[in-house]
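Chemist: First, the structure itself, so that you have it in front of you.
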Amino acid sequence: MRAGFIGAGKVGFSLGRYLATHGVTLSGYYSHSSDSAKEAAAFTGSRYYTDLAEITRDSDTLFITTPDGVIGEIWDDMRNLQIRDKNICHCSGSVPSTAFFDAEEKGAFRFSVHPLYAVSSRYTSYQELGKAWFTIEGSRERLPEMKSFFETMGNRVVVISPESKILYHTAAVMVSNQLAALADMGAELLRVCGFPDQDAAEALAPLIEGNALAVAAAGPIEALTGPCERGDAGTVAGHLAALKALTEKEESAVDIEAAYRILSGRLVRLAERKNPQKDYTELKKELER
């Protein structure tokens with residue numbers, strides 16, 4: 001493979017460096033931001049391109065690592081270039097490979113390749129990509145080849161359908177981005193309890209980290225603890241009463257009460273699977289009130 005990158009943001013930097021560390025030859029980077037492309041090329045030991053046609057010609061596989069809304073624009077610019085027999089990939093979690101709607105008519109192969117990992121740094125995230133699962137979907141003829149390519153680097157790879165991309169991305173957002181919303185809700189409650197603003201989030205950090213590691217290691221059912229797992233209806237009733245009282249004073253807390261009820265309902269279902277001998281009837285009644 002000789003891989004070229006169109007777009008030089010965090011994903012472009014990280015995936016390019018990750019491929020390079022596994023012996024993949026990079027042609028280089030092309031981007032609307034010449035400074036970013038130059039920096040990415042230097043970071044990966046590859047070339048900075050100023051012409052889309054040239055990087056397309058020099059690469060047999062092209063990764064479009066731009067924001068989702070730009071993928072279609074890039075394809076409009078690429079689709080009439082010399083793309084026959086080339087692999088055209090984007091790395092969006094939500095956009096299917098059908099964004100390259102006429103790739104196969106032009107003799108190219110289309111793919112969506114996405115690492116199930118929050119790429120947060122241009123310079124260090126590549127070091128963690130070895131732990132990430134990848135999802136891939138696209139042209140059937142070369143799908144096994146592309147899947148095998150990432151597996152040879154040690155990654156777990158799952159083939160999904162174009163139709164499932166948006167639901168797949170929803171799952172990723174819920175356990176990644178939405179965790180920030182839960183952390184903010186918890187910090188807001190601590191501030192109400194008297195924690196200084198700057199200390200509330202910091203105080204929760206060990207709890208977040210410990211629980212995340214437990215869930216990652218053992219799965220949500222085995223890692224489950226707390227009043228819902230114990231079937232402690234009295235404690236949950238106290239939580240709900242306190243949240244209701246808070247919403248009467250602070251309108252912004254309404255979503256916290258709603259989130260608590262929804263998530264606790266899910267926790268009860270997990271608890272029933274973990275402890276099938278335990279009766280959770282009273283706890284369910286509290287959550288339904």
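Ligands are numbered from 1 in the order shown, chains are lettered A, B, ... in the order of the structure tokens, and residues start at 1 in each chain.
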Taking only residues of stretch 119-213 of chain A that have an atom at most 12 Å from an atom of stretch 40-57 of chain A, what is each one's shortest atom pair and its distance in Å to one decimal, using only C-alpha atoms, in chain and number order, as JSON lines?

Modeler:
{"residue": "A:Arg122", "atom": "CA", "partner": "A:Ala40", "partner_atom": "CA", "distance": 8.7}
{"residue": "A:Tyr123", "atom": "CA", "partner": "A:Phe43", "partner_atom": "CA", "distance": 8.2}
{"residue": "A:Thr124", "atom": "CA", "partner": "A:Phe43", "partner_atom": "CA", "distance": 11.1}
{"residue": "A:Tyr126", "atom": "CA", "partner": "A:Thr44", "partner_atom": "CA", "distance": 11.0}

Chemist: Those residues you just picked out, can you put them in a file as a PDB file, in the first residue's frame with N, CA and C atoms?

Modeler:
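Output (result_36.pdb):
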ATOM      1  N   ARG A 122      -3.034  15.326  17.889  1.00  0.00           N
ATOM      2  CA  ARG A 122      -2.337  15.080  16.627  1.00  0.00           C
ATOM      3  C   ARG A 122      -1.055  14.279  16.833  1.00  0.00           C
ATOM      4  N   TYR A 123      -0.447  14.471  17.980  1.00  0.00           N
ATOM      5  CA  TYR A 123       0.927  14.005  18.151  1.00  0.00           C
ATOM      6  C   TYR A 123       1.077  12.734  18.979  1.00  0.00           C
ATOM      7  N   THR A 124       0.092  12.375  19.775  1.00  0.00           N
ATOM      8  CA  THR A 124       0.255  11.207  20.649  1.00  0.00           C
ATOM      9  C   THR A 124      -0.811  10.129  20.465  1.00  0.00           C
ATOM     10  N   TYR A 126      -1.744   8.400  18.026  1.00  0.00           N
ATOM     11  CA  TYR A 126      -1.344   7.241  17.212  1.00  0.00           C
ATOM     12  C   TYR A 126      -0.784   6.118  18.074  1.00  0.00           C
TER      13      TYR A 126
END

Chemist: Using only C-alpha atoms, which protein or nucleic acid residues come within 9 Å of stretch 18-26 of chain A? Drop anything in the same chain fewer than 4 positions from it, and give the result as an MDAnalysis selection string.

Modeler: chainID A and resid 1:5 13:14 44:47 59 125:127 129:130 153

Chemist: Would you export the selected residues with N, CA and C atoms as a CSV table (one decimal), in the first residue's frame, please?

Modeler:
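Final output, selection-v1.csv:
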chain,number,residue,atom,x,y,z
A,1,MET,N,0.8,-1.2,0.0
A,1,MET,CA,0.0,0.0,0.0
A,1,MET,C,0.9,1.3,0.0
A,2,ARG,N,0.5,2.2,-0.8
A,2,ARG,CA,1.1,3.5,-0.8
A,2,ARG,C,0.0,4.5,-0.5
A,3,ALA,N,-0.1,5.0,0.7
A,3,ALA,CA,-1.2,5.8,1.2
A,3,ALA,C,-1.0,7.3,1.2
A,4,GLY,N,-2.0,8.0,0.7
A,4,GLY,CA,-2.0,9.4,0.7
A,4,GLY,C,-3.2,9.9,1.6
A,5,PHE,N,-3.0,11.1,2.2
A,5,PHE,CA,-4.0,11.7,3.0
A,5,PHE,C,-4.5,13.0,2.5
A,13,PHE,N,-3.2,13.1,11.0
A,13,PHE,CA,-1.9,13.0,11.6
A,13,PHE,C,-1.8,11.6,12.3
A,14,SER,N,-2.8,11.2,13.1
A,14,SER,CA,-2.7,10.0,13.9
A,14,SER,C,-2.7,8.7,13.0
A,44,THR,N,5.2,12.5,9.7
A,44,THR,CA,5.1,11.2,9.3
A,44,THR,C,6.2,10.8,8.3
A,45,GLY,N,7.2,11.7,8.1
A,45,GLY,CA,8.3,11.4,7.1
A,45,GLY,C,7.8,11.2,5.7
A,46,SER,N,6.8,12.0,5.3
A,46,SER,CA,6.3,11.9,4.0
A,46,SER,C,6.3,13.3,3.2
A,47,ARG,N,5.6,13.4,2.2
A,47,ARG,CA,5.7,14.6,1.3
A,47,ARG,C,4.5,15.5,1.5
A,59,SER,N,-0.6,7.8,-5.2
A,59,SER,CA,-1.1,6.9,-4.1
A,59,SER,C,-2.0,5.8,-4.7
A,125,SER,N,-2.0,10.5,19.9
A,125,SER,CA,-3.0,9.5,19.8
A,125,SER,C,-2.7,8.2,19.0
A,126,TYR,N,-1.7,8.4,18.0
A,126,TYR,CA,-1.3,7.2,17.2
A,126,TYR,C,-0.8,6.1,18.1
A,127,GLN,N,-0.2,6.5,19.2
A,127,GLN,CA,0.4,5.5,20.1
A,127,GLN,C,-0.7,4.6,20.7
A,129,LEU,N,-3.7,3.8,19.0
A,129,LEU,CA,-4.5,3.2,18.0
A,129,LEU,C,-4.4,1.7,17.9
A,130,GLY,N,-3.3,1.1,18.4
A,130,GLY,CA,-3.2,-0.3,18.4
A,130,GLY,C,-4.2,-1.0,19.3
A,153,MET,N,-2.0,-5.4,11.4
A,153,MET,CA,-1.4,-4.5,12.4
A,153,MET,C,-1.7,-4.8,13.8

Chemist: Calculate how many Å separate atom CA of A:Ala271 from atom CA of A:Leu116, rounding to one decimal.

Modeler: 27.0 Å

Chemist: Check stretch 64-256 of chain A with DSSP on the backbone and list each residue it calls strand (DSSP E), as a list in words.

Modeler: Ile64, Asn87, Ile88, Cys89, His90, Phe109, Arg110, Phe111, Ser112, Val113, His114, Pro115, Phe134, Thr135, Ile136, Glu137, Gly138, Val157, Val158 and Val159 of chain A

Chemist: Compare A:Ile262, A:Leu287, A:Ala242, A:Leu15 by their minimum atom-to-atom distance to A:Cys193, counting only C-alpha atoms, and give me the closest one.

Modeler: A:Ala242

Chemist: Sort by chain and increasing residue number a table of all residues of stretch 151-209 of chain A within 12 Å of stretch 243-247 of chain A, each with its closest pair of atoms and their distance in Å to one decimal, counting only C-alpha atoms, and write it as JSON lines.

Modeler:
{"residue": "A:Met185", "atom": "CA", "partner": "A:Leu243", "partner_atom": "CA", "distance": 11.5}
{"residue": "A:Gly186", "atom": "CA", "partner": "A:Leu243", "partner_atom": "CA", "distance": 11.8}
{"residue": "A:Glu188", "atom": "CA", "partner": "A:Leu246", "partner_atom": "CA", "distance": 11.2}
{"residue": "A:Leu189", "atom": "CA", "partner": "A:Leu243", "partner_atom": "CA", "distance": 9.1}
{"residue": "A:Val192", "atom": "CA", "partner": "A:Leu246", "partner_atom": "CA", "distance": 9.1}
{"residue": "A:Cys193", "atom": "CA", "partner": "A:Leu246", "partner_atom": "CA", "distance": 11.1}

Chemist: Within stretch 36-129 of chain A, find each residue whose DSSP state, derived from the backbone, is alpha helix (DSSP H), and express the selection as a compact mmCIF listing (two decimals) with all heavy atoms, in the first residue's frame.

Modeler:
# COMPACT_ATOMS: atom_id res chain seq x y z
N SER A 36 -0.82 22.91 7.89
CA SER A 36 -1.13 21.63 8.51
C SER A 36 -0.59 20.47 7.69
O SER A 36 -0.06 19.49 8.23
CB SER A 36 -2.65 21.47 8.67
OG SER A 36 -3.15 22.40 9.61
N ALA A 37 -0.70 20.57 6.37
CA ALA A 37 -0.20 19.51 5.51
C ALA A 37 1.32 19.39 5.61
O ALA A 37 1.87 18.28 5.65
CB ALA A 37 -0.62 19.76 4.06
N LYS A 38 2.00 20.51 5.65
CA LYS A 38 3.46 20.49 5.80
C LYS A 38 3.85 19.85 7.13
O LYS A 38 4.79 19.04 7.20
CB LYS A 38 4.02 21.91 5.74
CG LYS A 38 3.97 22.54 4.35
CD LYS A 38 4.46 23.98 4.41
CE LYS A 38 4.36 24.66 3.05
NZ LYS A 38 4.77 26.09 3.12
N GLU A 39 3.13 20.21 8.19
CA GLU A 39 3.44 19.67 9.51
C GLU A 39 3.17 18.17 9.58
O GLU A 39 3.96 17.41 10.14
CB GLU A 39 2.63 20.41 10.57
CG GLU A 39 3.06 20.12 11.99
CD GLU A 39 2.31 20.96 13.01
OE1 GLU A 39 1.52 21.84 12.61
OE2 GLU A 39 2.51 20.71 14.21
N ALA A 40 2.05 17.74 8.98
CA ALA A 40 1.72 16.32 8.98
C ALA A 40 2.75 15.52 8.18
O ALA A 40 3.15 14.42 8.58
CB ALA A 40 0.32 16.10 8.39
N ALA A 41 3.18 16.08 7.07
CA ALA A 41 4.20 15.41 6.26
C ALA A 41 5.50 15.25 7.04
O ALA A 41 6.13 14.19 7.02
CB ALA A 41 4.43 16.19 4.97
N ALA A 42 5.89 16.30 7.74
CA ALA A 42 7.11 16.23 8.56
C ALA A 42 6.95 15.22 9.68
O ALA A 42 7.88 14.46 9.99
CB ALA A 42 7.44 17.60 9.12
N PHE A 43 5.78 15.17 10.28
CA PHE A 43 5.51 14.27 11.41
C PHE A 43 5.56 12.81 10.98
O PHE A 43 5.91 11.92 11.78
CB PHE A 43 4.14 14.61 12.00
CG PHE A 43 3.76 13.84 13.23
CD1 PHE A 43 4.50 13.93 14.40
CD2 PHE A 43 2.63 13.04 13.22
CE1 PHE A 43 4.13 13.23 15.54
CE2 PHE A 43 2.25 12.34 14.35
CZ PHE A 43 3.01 12.43 15.51
N THR A 44 5.20 12.54 9.74
CA THR A 44 5.11 11.15 9.26
C THR A 44 6.24 10.78 8.31
O THR A 44 6.26 9.66 7.79
CB THR A 44 3.77 10.92 8.55
OG1 THR A 44 3.64 11.87 7.47
CG2 THR A 44 2.60 11.09 9.51
N LEU A 52 -4.09 18.20 -5.77
CA LEU A 52 -4.89 17.01 -5.49
C LEU A 52 -4.66 15.92 -6.53
O LEU A 52 -4.57 14.74 -6.20
CB LEU A 52 -6.37 17.39 -5.45
CG LEU A 52 -7.36 16.27 -5.15
CD1 LEU A 52 -7.09 15.64 -3.78
CD2 LEU A 52 -8.80 16.80 -5.21
N ALA A 53 -4.54 16.31 -7.79
CA ALA A 53 -4.32 15.33 -8.84
C ALA A 53 -2.99 14.60 -8.65
O ALA A 53 -2.88 13.39 -8.90
CB ALA A 53 -4.36 16.01 -10.21
N GLU A 54 -1.98 15.32 -8.15
CA GLU A 54 -0.67 14.72 -8.00
C GLU A 54 -0.64 13.69 -6.88
O GLU A 54 -0.09 12.60 -7.03
CB GLU A 54 0.37 15.81 -7.75
CG GLU A 54 1.80 15.30 -7.79
CD GLU A 54 2.83 16.40 -7.62
OE1 GLU A 54 2.45 17.54 -7.31
OE2 GLU A 54 4.03 16.10 -7.78
N ILE A 55 -1.25 14.01 -5.74
CA ILE A 55 -1.25 13.03 -4.65
C ILE A 55 -2.13 11.84 -5.00
O ILE A 55 -1.83 10.70 -4.64
CB ILE A 55 -1.69 13.67 -3.30
CG1 ILE A 55 -1.42 12.69 -2.14
CG2 ILE A 55 -3.15 14.07 -3.32
CD1 ILE A 55 -1.66 13.28 -0.77
N THR A 56 -3.18 12.08 -5.78
CA THR A 56 -4.02 10.98 -6.25
C THR A 56 -3.23 10.06 -7.16
O THR A 56 -3.30 8.82 -7.04
CB THR A 56 -5.26 11.53 -6.97
OG1 THR A 56 -6.00 12.37 -6.08
CG2 THR A 56 -6.16 10.40 -7.44
N ARG A 57 -2.46 10.63 -8.06
CA ARG A 57 -1.64 9.84 -8.97
C ARG A 57 -0.58 9.02 -8.22
O ARG A 57 -0.31 7.87 -8.56
CB ARG A 57 -0.95 10.78 -9.96
CG ARG A 57 -0.11 10.07 -11.03
CD ARG A 57 0.84 11.05 -11.69
NE ARG A 57 1.84 11.53 -10.72
CZ ARG A 57 2.45 12.71 -10.80
NH1 ARG A 57 2.13 13.56 -11.76
NH2 ARG A 57 3.35 13.05 -9.90
N ASP A 58 0.00 9.61 -7.16
CA ASP A 58 1.11 8.97 -6.46
C ASP A 58 0.68 7.96 -5.41
O ASP A 58 1.53 7.31 -4.78
CB ASP A 58 1.97 10.03 -5.76
CG ASP A 58 2.77 10.87 -6.75
OD1 ASP A 58 2.78 10.53 -7.95
OD2 ASP A 58 3.37 11.88 -6.32
N ASP A 68 -16.71 15.76 8.29
CA ASP A 68 -17.72 15.03 7.53
C ASP A 68 -18.34 15.85 6.41
O ASP A 68 -18.57 15.35 5.30
CB ASP A 68 -18.84 14.55 8.47
CG ASP A 68 -18.38 13.45 9.41
OD1 ASP A 68 -17.18 13.10 9.39
OD2 ASP A 68 -19.22 12.95 10.18
N GLY A 69 -18.62 17.11 6.70
CA GLY A 69 -19.30 17.95 5.73
C GLY A 69 -18.48 18.26 4.49
O GLY A 69 -19.02 18.78 3.50
N VAL A 70 -17.20 17.97 4.53
CA VAL A 70 -16.30 18.29 3.41
C VAL A 70 -16.07 17.07 2.50
O VAL A 70 -15.59 17.21 1.38
CB VAL A 70 -14.96 18.82 3.94
CG1 VAL A 70 -14.01 19.24 2.82
CG2 VAL A 70 -15.19 20.01 4.87
N ILE A 71 -16.44 15.88 2.97
CA ILE A 71 -16.16 14.66 2.22
C ILE A 71 -16.76 14.72 0.82
O ILE A 71 -16.11 14.38 -0.18
CB ILE A 71 -16.66 13.42 2.98
CG1 ILE A 71 -15.84 13.22 4.25
CG2 ILE A 71 -16.59 12.17 2.09
CD1 ILE A 71 -16.37 12.14 5.17
N GLY A 72 -18.01 15.16 0.72
CA GLY A 72 -18.66 15.25 -0.58
C GLY A 72 -17.97 16.23 -1.51
O GLY A 72 -17.85 15.97 -2.72
N GLU A 73 -17.51 17.34 -0.95
CA GLU A 73 -16.80 18.33 -1.77
C GLU A 73 -15.49 17.75 -2.30
O GLU A 73 -15.14 17.96 -3.47
CB GLU A 73 -16.50 19.58 -0.94
CG GLU A 73 -17.73 20.32 -0.45
CD GLU A 73 -17.37 21.47 0.47
OE1 GLU A 73 -16.22 21.93 0.39
OE2 GLU A 73 -18.24 21.90 1.25
N ILE A 74 -14.77 17.02 -1.46
CA ILE A 74 -13.52 16.40 -1.89
C ILE A 74 -13.79 15.39 -3.00
O ILE A 74 -13.06 15.31 -4.00
CB ILE A 74 -12.80 15.73 -0.71
CG1 ILE A 74 -12.39 16.77 0.34
CG2 ILE A 74 -11.59 14.94 -1.19
CD1 ILE A 74 -11.37 17.78 -0.14
N TRP A 75 -14.86 14.61 -2.83
CA TRP A 75 -15.18 13.63 -3.86
C TRP A 75 -15.51 14.31 -5.18
O TRP A 75 -15.11 13.82 -6.25
CB TRP A 75 -16.32 12.73 -3.40
CG TRP A 75 -16.69 11.70 -4.41
CD1 TRP A 75 -17.90 11.50 -5.00
CD2 TRP A 75 -15.83 10.69 -4.98
NE1 TRP A 75 -17.87 10.46 -5.88
CE2 TRP A 75 -16.59 9.95 -5.89
CE3 TRP A 75 -14.49 10.37 -4.80
CZ2 TRP A 75 -16.06 8.89 -6.63
CZ3 TRP A 75 -13.96 9.32 -5.53
CH2 TRP A 75 -14.73 8.59 -6.43
N ASP A 76 -16.23 15.40 -5.14
CA ASP A 76 -16.52 16.14 -6.37
C ASP A 76 -15.23 16.56 -7.08
O ASP A 76 -15.16 16.57 -8.31
CB ASP A 76 -17.37 17.37 -6.07
CG ASP A 76 -18.82 17.04 -5.80
OD1 ASP A 76 -19.26 15.93 -6.20
OD2 ASP A 76 -19.52 17.87 -5.19
N ASP A 77 -14.21 16.89 -6.28
CA ASP A 77 -12.93 17.30 -6.86
C ASP A 77 -12.12 16.10 -7.36
O ASP A 77 -11.30 16.24 -8.27
CB ASP A 77 -12.10 18.06 -5.82
CG ASP A 77 -12.70 19.41 -5.46
OD1 ASP A 77 -13.49 19.95 -6.27
OD2 ASP A 77 -12.40 19.91 -4.36
N MET A 78 -12.34 14.93 -6.77
CA MET A 78 -11.52 13.75 -7.08
C MET A 78 -12.11 12.87 -8.18
O MET A 78 -11.37 12.20 -8.89
CB MET A 78 -11.36 12.87 -5.83
CG MET A 78 -10.50 13.40 -4.74
SD MET A 78 -10.39 12.18 -3.41
CE MET A 78 -9.50 10.84 -4.21

Chemist: Excluding A:Pro220 and residues on its chain fewer than 2 positions from it, collect all residues at most 10 Å away from it, counting only C-alpha atoms, and give them as a PyMOL selection string.

Modeler: chain A and resi 211-212+214-218+222-225+267+270-271+274

Chemist: Go ahead and dump the residues you just picked, C-alpha atoms, as a compact mmCIF listing (two decimals), in the first residue's frame.

Modeler:
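Saved as out.txt:
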# COMPACT_ATOMS: atom_id res chain seq x y z
CA ASN A 211 -15.53 2.91 36.87
CA ALA A 212 -14.53 3.30 33.21
CA ALA A 214 -13.87 -1.60 35.48
CA VAL A 215 -16.48 -1.50 32.71
CA ALA A 216 -13.78 -1.81 30.05
CA ALA A 217 -12.18 -4.78 31.83
CA ALA A 218 -15.23 -6.75 32.93
CA GLU A 222 -19.97 -7.45 36.09
CA ALA A 223 -18.78 -3.91 36.87
CA LEU A 224 -22.22 -2.83 38.11
CA THR A 225 -22.35 -1.50 41.69
CA LEU A 267 -29.22 -0.12 35.46
CA LEU A 270 -28.58 -4.86 34.00
CA ALA A 271 -29.00 -5.71 37.69
CA LYS A 274 -26.60 -9.97 37.12

Chemist: List as a list of chain:residue names the protein and nucleic acid residues near A:Thr98, meaning an atom at most 8 Å away when only C-alpha atoms are counted, but skip any in the same chain fewer than 6 places from it.

Modeler: A:Arg110, A:Gly138, A:Pro162

Chemist: So which one's closest to A:Glu282, A:Gly265, A:Gly93, A:Gly231, A:Gly210? Using only C-alpha atoms, please.

Modeler: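 Among the listed residues, A:Gly231 lies closest to A:Glu282.
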
Chemist: Atom CA of A:Leu263 to atom CA of A:Gly194: how many Å, to one decimal?

Modeler: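 Separation of atom CA of A:Leu263 and atom CA of A:Gly194: 25.1 Å.
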
Chemist: Looking at A:Thr61, A:Ile221, A:Asp184, A:Asp199, which one is nearest to A:Met146, with distances taken over only C-alpha atoms?

Modeler: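 Among the listed residues, A:Thr61 lies closest to A:Met146.
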
Chemist: What's the separation between atom CA of A:Leu207 and atom CA of A:Gly219, in Å to one decimal place?

Modeler: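 Going from atom CA of A:Leu207 over to atom CA of A:Gly219, I get 16.6 Å.
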
Chemist: Using only C-alpha atoms, which residues sit within 12 Å of A:Gln198 once same-chain residues fewer than 6 positions away are excluded, as a VMD selection string?

Modeler: chain A and resid 187 to 188 190 to 191 204

Chemist: Between A:His239, A:Arg142, A:Lys131, A:His114, which residue has the minimum interatomic distance to A:Asp85, considering only C-alpha atoms?

Modeler: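 Residue with the minimum atom-to-atom distance to A:Asp85: A:Arg142.
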
Chemist: For each of A:Pro67, A:Pro276, A:Gly226, A:Gly107, take the minimum atom-to-atom distance to A:Gln82, counting only C-alpha atoms, then give the residue where this is smallest.

Modeler: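 For A:Gln82, the nearest of the candidates is A:Gly107.
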
Chemist: For A:Ala118, please output as a short mmCIF file (atom, residue, chain, number, x, y, z; two decimals) with N, CA, C and O atoms, in the first residue's frame all residues within 10 Å (counting only C-alpha atoms; exclusion window: fewer than 5 positions along the same chain).

Modeler:
data_model
loop_
_atom_site.label_atom_id
_atom_site.label_comp_id
_atom_site.auth_asym_id
_atom_site.auth_seq_id
_atom_site.Cartn_x
_atom_site.Cartn_y
_atom_site.Cartn_z
N VAL A 11 -7.09 13.22 13.01
CA VAL A 11 -7.20 11.86 12.49
C VAL A 11 -6.16 11.61 11.40
O VAL A 11 -5.53 10.55 11.36
N SER A 125 -1.95 10.46 19.87
CA SER A 125 -3.04 9.48 19.79
C SER A 125 -2.65 8.25 18.96
O SER A 125 -3.19 7.15 19.19
N GLU A 128 -1.93 5.00 20.73
CA GLU A 128 -3.02 4.22 21.33
C GLU A 128 -3.88 3.50 20.29
O GLU A 128 -4.74 2.71 20.66
N LEU A 129 -3.67 3.78 19.01
CA LEU A 129 -4.54 3.19 17.99
C LEU A 129 -4.40 1.68 17.90
O LEU A 129 -5.29 1.00 17.38
N ALA A 132 -7.36 0.06 19.44
CA ALA A 132 -8.68 0.38 18.90
C ALA A 132 -9.21 -0.73 18.00
O ALA A 132 -8.47 -1.34 17.23
N ALA A 172 -20.99 5.13 19.63
CA ALA A 172 -19.70 5.73 19.99
C ALA A 172 -19.89 7.05 20.72
O ALA A 172 -19.21 7.34 21.71
N VAL A 173 -20.82 7.86 20.25
CA VAL A 173 -21.08 9.15 20.87
C VAL A 173 -21.60 8.98 22.30
O VAL A 173 -21.22 9.71 23.22
N SER A 176 -18.77 8.04 24.62
CA SER A 176 -17.61 8.92 24.54
C SER A 176 -18.02 10.36 24.87
O SER A 176 -17.83 10.83 25.99
N ASN A 177 -18.65 11.03 23.93
CA ASN A 177 -19.01 12.43 24.13
C ASN A 177 -20.02 12.64 25.25
O ASN A 177 -19.93 13.58 26.04
#
